[in-house]
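> Following this message is one structure expressed as structure tokens.
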2 protein chains.
Amino acid sequence: MTPSRSTRNGTPHDDVPGTSTPKTPDRGIPEATVARLPVYLRALIALSERGIDTCSSEGLASAAGVNSAKLRKDLSYLGSYGTRGVGYDVEYLRYQIAREIGVTQDWPVIIVGIGNLGHALARYSGFTSRGFRIVALLDSDPARHGERLEGLEIRGYDELEELVARHDIAIGVIATPADAAQLVCDRLVAAGVTSILNFAPTVLTVPDGVDVRKVDLSIELQILAYHEQRKALALGDGVVVDGMEPVDVGSVGTDGRAKAVGA
Amino acid sequence: MTPSRSTRNGTPHDDVPGTSTPKTPDRGIPEATVARLPVYLRALIALSERGIDTCSSEGLASAAGVNSAKLRKDLSYLGSYGTRGVGYDVEYLRYQIAREIGVTQDWPVIIVGIGNLGHALARYSGFTSRGFRIVALLDSDPARHGERLEGLEIRGYDELEELVARHDIAIGVIATPADAAQLVCDRLVAAGVTSILNFAPTVLTVPDGVDVRKVDLSIELQILAYHEQRKALALGDGVVVDGMEPVDVGSVGTDGRAKAVGA
DNA sequence: CTCAGTTTGTTCTCACGTTCACAAACTCCT
DNA sequence: AGGAGTTTGTGAACGTGAGAACAAACTGAG
């Protein structure tokens, strides 16, 4: 049903007109769009599971939490997969986005650091159900080696290189404490991993060509705290501005207690 | 009363003219800067713990993984806290950033959904050590009620409203399955929570005035997969996809490193 | 076939974020 | 004291992203 044989030529300079080159939308998808494609994909899967086979940009946009103009523009980077006057075919668009992201087949993933978080990640069904397959779990603690988790045995760092090579792993997840993260990162990269998802609260340094994305839970909370503080201040709480003394952070406990929104 | 109790989707925009809310003419810090302030704070804490009491924008920037111009511009939104020709006083700047973010005192936090992820979050020391204190754990499963975790007892949803009110909780963390998230969100908001950190893989709809940040683990992996796929194609086809050099990702044994910022 | 209605894809404009470059301000040395 | 060397803070240029608006393209009825 799907043509799916689209030649992925990334035409460096502009094209050869007249020939049967289909619109190759494969070049330069903006990063902001790339970050939203998985959201669209998830929304399409939800629609699909509810038996809906066609949707408008308006409907898909609201399911994804964006406005329709943005959605249409995002999709236009992939190509013209909709039909004017009709909308989008859910299954077809779902496949196209999955193909563009690269999750039509499973990526093998290694998780390093099976503490609280790593343990939860290994068990997280969202990974395995969406284009990823966890194939190796590593921890530095020898006491945990051999322990089984989701059908996998926890192994030691000494097997890192072999496991990455054997399973041809390109994506690694780091869930170690902060002080071990850079070391683990270096070994992963040296072994051939070129994409890293970092949960450790530290900045990783990697060579060119390696992608790092970080997920920092306390940073997310701090961003919320900033806005929360502003809300509290805006609601007429006493202005709590500048204490000019360079006091140490721990000693300022009681004063700034804010919040308590109306009602 | 709480202003604007509409059920519209909470868009990032919040300046609605006509209401009594002053348009916050004072210190509008750009959102991109706000997201980086916690990173700077963490870097400053690390420097402080190593006994370093002064740093240049260059040094702090490299510790935070950004370039120095961006760091200086970010800090300039807070005020002039540096000294030309010298640099920044680590302790002083640390305090100023902490105050700006609002983490000079602890924020009480509730976690709803103590599955794999919620369990890990409750035990995550990064929360408690950086301006947040977990004061309540909720789960829908009665079998888990009464179980103790980090000195807290897991409770049922029926105590949600009372706990939020008693501890004056403004920030909630949702770690439930996707299908329960919106319901939990609604109850949290109704109880008075105005900032939500959502780990459930679903789009939350909240009234105006409520902030939601989402952390979606599988989305992060999918973004990595997209870039990974492009790297593989670029290498395999020998095609220079625009914006990306055909970098030799295999050359990793060398000492030459670079920051992976905006690669 | 033609016309009215609907929805996409694209263009244009504006706002935001990043980077550059340099004056201002500070320290240190002579 | 004065000049050389540093480093911050900021104005300006540049690139990216968001939203509005509209022409193009499709459906369906008469």
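Starting from 1 in every chain, residues are counted up; chains themselves are A, B, ... following the order of the structure tokens, and ligands are numbered from 1 as listed.
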List the spatial neighbours of DA23 in chain D as a list in words - criterion: any atom at most 12 Å away, only C-alpha atoms (C1' of nucleotides), same-chain residues fewer than 3 positions off excluded.
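My reading of the contact set: DT8, DG9, DT10 and DT11 of chain C.
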> Using only C-alpha atoms (C1' of nucleotides), find which residues of chain A lie within 12 Å of chain C and jot them down as a list in words.
Cys55, Ser56, Ser57, Glu58, Gly59, Ser68, Ala69, Lys70, Leu71, Arg72, Lys73, Asp74, Leu75, Ser76, Tyr77, Leu78, Gly79, Ser80, Tyr81, Gly82, Thr83, Arg84, Gly85, Val86, Gly87 and Tyr88 of chain A
> Could the residues in this selection be written to a file with C-alpha atoms, as a PDB file, in the first residue's frame?

ATOM      1  CA  CYS A  55      -8.142  13.111  11.278  1.00  0.00           C
ATOM      2  CA  SER A  56      -7.807  16.781  10.499  1.00  0.00           C
ATOM      3  CA  SER A  57      -4.851  18.893  11.478  1.00  0.00           C
ATOM      4  CA  GLU A  58      -7.101  20.541  14.012  1.00  0.00           C
ATOM      5  CA  GLY A  59      -8.013  17.278  15.661  1.00  0.00           C
ATOM      6  CA  SER A  68      -2.937  23.384  14.130  1.00  0.00           C
ATOM      7  CA  ALA A  69      -0.764  25.814  12.205  1.00  0.00           C
ATOM      8  CA  LYS A  70       2.313  24.540  13.947  1.00  0.00           C
ATOM      9  CA  LEU A  71       1.327  20.959  13.338  1.00  0.00           C
ATOM     10  CA  ARG A  72       0.759  21.504   9.635  1.00  0.00           C
ATOM     11  CA  LYS A  73       4.044  23.275   9.299  1.00  0.00           C
ATOM     12  CA  ASP A  74       5.849  20.509  11.143  1.00  0.00           C
ATOM     13  CA  LEU A  75       4.324  17.845   8.934  1.00  0.00           C
ATOM     14  CA  SER A  76       5.136  19.835   5.835  1.00  0.00           C
ATOM     15  CA  TYR A  77       8.818  19.260   6.545  1.00  0.00           C
ATOM     16  CA  LEU A  78       8.245  15.547   6.112  1.00  0.00           C
ATOM     17  CA  GLY A  79       6.287  15.889   2.910  1.00  0.00           C
ATOM     18  CA  SER A  80       2.721  16.233   1.752  1.00  0.00           C
ATOM     19  CA  TYR A  81       1.107  13.346   3.506  1.00  0.00           C
ATOM     20  CA  GLY A  82      -2.349  14.871   3.890  1.00  0.00           C
ATOM     21  CA  THR A  83      -5.207  15.391   1.493  1.00  0.00           C
ATOM     22  CA  ARG A  84      -6.679  18.859   1.177  1.00  0.00           C
ATOM     23  CA  GLY A  85     -10.304  18.967   2.010  1.00  0.00           C
ATOM     24  CA  VAL A  86     -10.031  15.653   3.824  1.00  0.00           C
ATOM     25  CA  GLY A  87      -7.243  15.478   6.357  1.00  0.00           C
ATOM     26  CA  TYR A  88      -4.672  12.840   7.205  1.00  0.00           C
TER      27      TYR A  88
END
> Which residues, written as an MDAnalysis selection string, have at least one atom at most 7 Å from range 142-144 of chain B, with only C-alpha atoms (C1' of nucleotides) counted and residues fewer than 3 positions away on the same chain left out?
chainID B and resid 147 154 156
> Record the distance separating CA of Gly192 in chain B and CA of Leu160 in chain B, expressed in Å with one decimal.
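If I compute the distance from CA of Gly192 in chain B to CA of Leu160 in chain B, I get 10.6 Å.
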> Enter the distance from CA of Tyr226 in chain B to CA of Ile101 in chain A, in Å, rounded to one decimal.
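Computing it gives 4.4 Å between the two atoms.
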> When you draw a straight line from CA of Gly65 in chain B to CA of Glu31 in chain A, how long is it in Å?
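One can read the CA of Gly65 in chain B to CA of Glu31 in chain A distance as 19.0 Å.
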> Which of range 11-247 of chain B counts as helix (DSSP H, G or I) under DSSP, as an MDAnalysis selection string please?
chainID B and resid 31:49 57:64 68:78 90:101 116:123 125:128 142:144 157:167 178:191 217:237
> Identify all residues of range 38-226 of chain A in strand (DSSP E) (DSSP on the backbone) and supply them as a PyMOL selection string.
chain A and resi 54-55+82-83+87-89+107-112+132-138+148-149+152-155+171-174+195-198+211-214
> If you keep N, CA and C atoms, can you produce a file of those selected residues as a compact mmCIF listing (two decimals), in the first residue's frame?

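Listing of result-v1.txt after writing:
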# COMPACT_ATOMS: atom_id res chain seq x y z
N THR A 54 -9.10 8.61 10.11
CA THR A 54 -8.81 9.88 9.46
C THR A 54 -8.90 10.99 10.50
N CYS A 55 -8.04 11.99 10.36
CA CYS A 55 -8.14 13.11 11.28
C CYS A 55 -7.70 14.38 10.58
N GLY A 82 -0.92 14.68 3.68
CA GLY A 82 -2.35 14.87 3.89
C GLY A 82 -3.09 15.05 2.58
N THR A 83 -4.38 15.13 2.66
CA THR A 83 -5.21 15.39 1.49
C THR A 83 -6.07 16.62 1.77
N GLY A 87 -8.02 15.62 5.13
CA GLY A 87 -7.24 15.48 6.36
C GLY A 87 -6.13 14.46 6.18
N TYR A 88 -5.76 13.81 7.26
CA TYR A 88 -4.67 12.84 7.20
C TYR A 88 -5.20 11.44 7.47
N ASP A 89 -4.64 10.48 6.75
CA ASP A 89 -4.91 9.08 7.04
C ASP A 89 -4.06 8.68 8.24
N TRP A 107 15.64 -0.31 18.24
CA TRP A 107 17.03 0.04 18.50
C TRP A 107 17.47 -0.67 19.77
N PRO A 108 18.61 -1.32 19.73
CA PRO A 108 19.12 -1.93 20.97
C PRO A 108 19.69 -0.84 21.88
N VAL A 109 19.40 -0.96 23.17
CA VAL A 109 19.80 0.07 24.13
C VAL A 109 20.48 -0.59 25.32
N ILE A 110 21.49 0.07 25.83
CA ILE A 110 22.16 -0.38 27.05
C ILE A 110 21.88 0.63 28.16
N ILE A 111 21.62 0.13 29.35
CA ILE A 111 21.44 1.00 30.51
C ILE A 111 22.58 0.75 31.48
N VAL A 112 23.26 1.83 31.86
CA VAL A 112 24.37 1.72 32.80
C VAL A 112 23.98 2.42 34.10
N PHE A 132 12.33 0.60 20.97
CA PHE A 132 13.60 0.36 21.65
C PHE A 132 13.56 -0.96 22.39
N ARG A 133 14.70 -1.61 22.47
CA ARG A 133 14.78 -2.90 23.15
C ARG A 133 16.01 -2.86 24.05
N ILE A 134 15.77 -2.99 25.33
CA ILE A 134 16.90 -2.98 26.25
C ILE A 134 17.59 -4.33 26.19
N VAL A 135 18.89 -4.28 25.87
CA VAL A 135 19.60 -5.54 25.66
C VAL A 135 20.73 -5.74 26.67
N ALA A 136 20.99 -4.75 27.51
CA ALA A 136 22.09 -4.93 28.47
C ALA A 136 21.89 -4.00 29.66
N LEU A 137 22.17 -4.52 30.84
CA LEU A 137 22.10 -3.74 32.08
C LEU A 137 23.45 -3.86 32.78
N LEU A 138 24.03 -2.72 33.11
CA LEU A 138 25.35 -2.73 33.75
C LEU A 138 25.30 -1.99 35.07
N ARG A 148 18.61 -10.78 38.11
CA ARG A 148 17.84 -10.71 36.86
C ARG A 148 16.76 -9.65 36.97
N LEU A 149 16.57 -8.96 35.85
CA LEU A 149 15.62 -7.86 35.83
C LEU A 149 15.01 -7.84 34.43
N LEU A 152 16.76 -9.88 31.95
CA LEU A 152 18.16 -9.60 31.67
C LEU A 152 18.98 -9.72 32.94
N GLU A 153 20.21 -10.12 32.76
CA GLU A 153 21.11 -10.26 33.88
C GLU A 153 21.95 -8.99 34.03
N ILE A 154 22.05 -8.49 35.24
CA ILE A 154 22.89 -7.32 35.46
C ILE A 154 24.35 -7.74 35.41
N ARG A 155 25.13 -6.99 34.64
CA ARG A 155 26.54 -7.34 34.44
C ARG A 155 27.44 -6.19 34.87
N ILE A 171 22.86 3.39 21.14
CA ILE A 171 22.23 4.28 22.10
C ILE A 171 22.45 3.76 23.52
N GLY A 172 22.98 4.62 24.36
CA GLY A 172 23.23 4.25 25.75
C GLY A 172 22.49 5.17 26.70
N VAL A 173 22.05 4.61 27.82
CA VAL A 173 21.38 5.38 28.86
C VAL A 173 22.26 5.36 30.11
N ILE A 174 22.58 6.53 30.61
CA ILE A 174 23.41 6.64 31.80
C ILE A 174 22.54 7.02 32.98
N SER A 195 24.94 7.88 20.69
CA SER A 195 23.85 8.67 21.25
C SER A 195 23.68 8.30 22.72
N ILE A 196 23.60 9.30 23.55
CA ILE A 196 23.54 9.04 24.99
C ILE A 196 22.41 9.83 25.62
N LEU A 197 21.62 9.13 26.43
CA LEU A 197 20.59 9.77 27.23
C LEU A 197 21.09 9.80 28.67
N ASN A 198 21.32 10.99 29.18
CA ASN A 198 22.00 11.13 30.46
C ASN A 198 21.04 11.56 31.57
N ASP A 211 25.74 12.48 20.09
CA ASP A 211 24.64 13.28 20.61
C ASP A 211 24.38 12.94 22.06
N VAL A 212 24.14 13.96 22.84
CA VAL A 212 23.78 13.76 24.24
C VAL A 212 22.49 14.51 24.50
N ARG A 213 21.56 13.84 25.11
CA ARG A 213 20.38 14.52 25.65
C ARG A 213 20.35 14.26 27.14
N LYS A 214 19.98 15.29 27.90
CA LYS A 214 19.99 15.11 29.33
C LYS A 214 18.58 15.24 29.89
> With only C-alpha atoms as the atoms that count, which of B:Ile219, B:Ile52, B:Val206, B:Leu235 lies nearest to chain A?
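Of B:Ile219, B:Ile52, B:Val206, B:Leu235, the one nearest chain A is B:Ile219, counting only C-alpha atoms.
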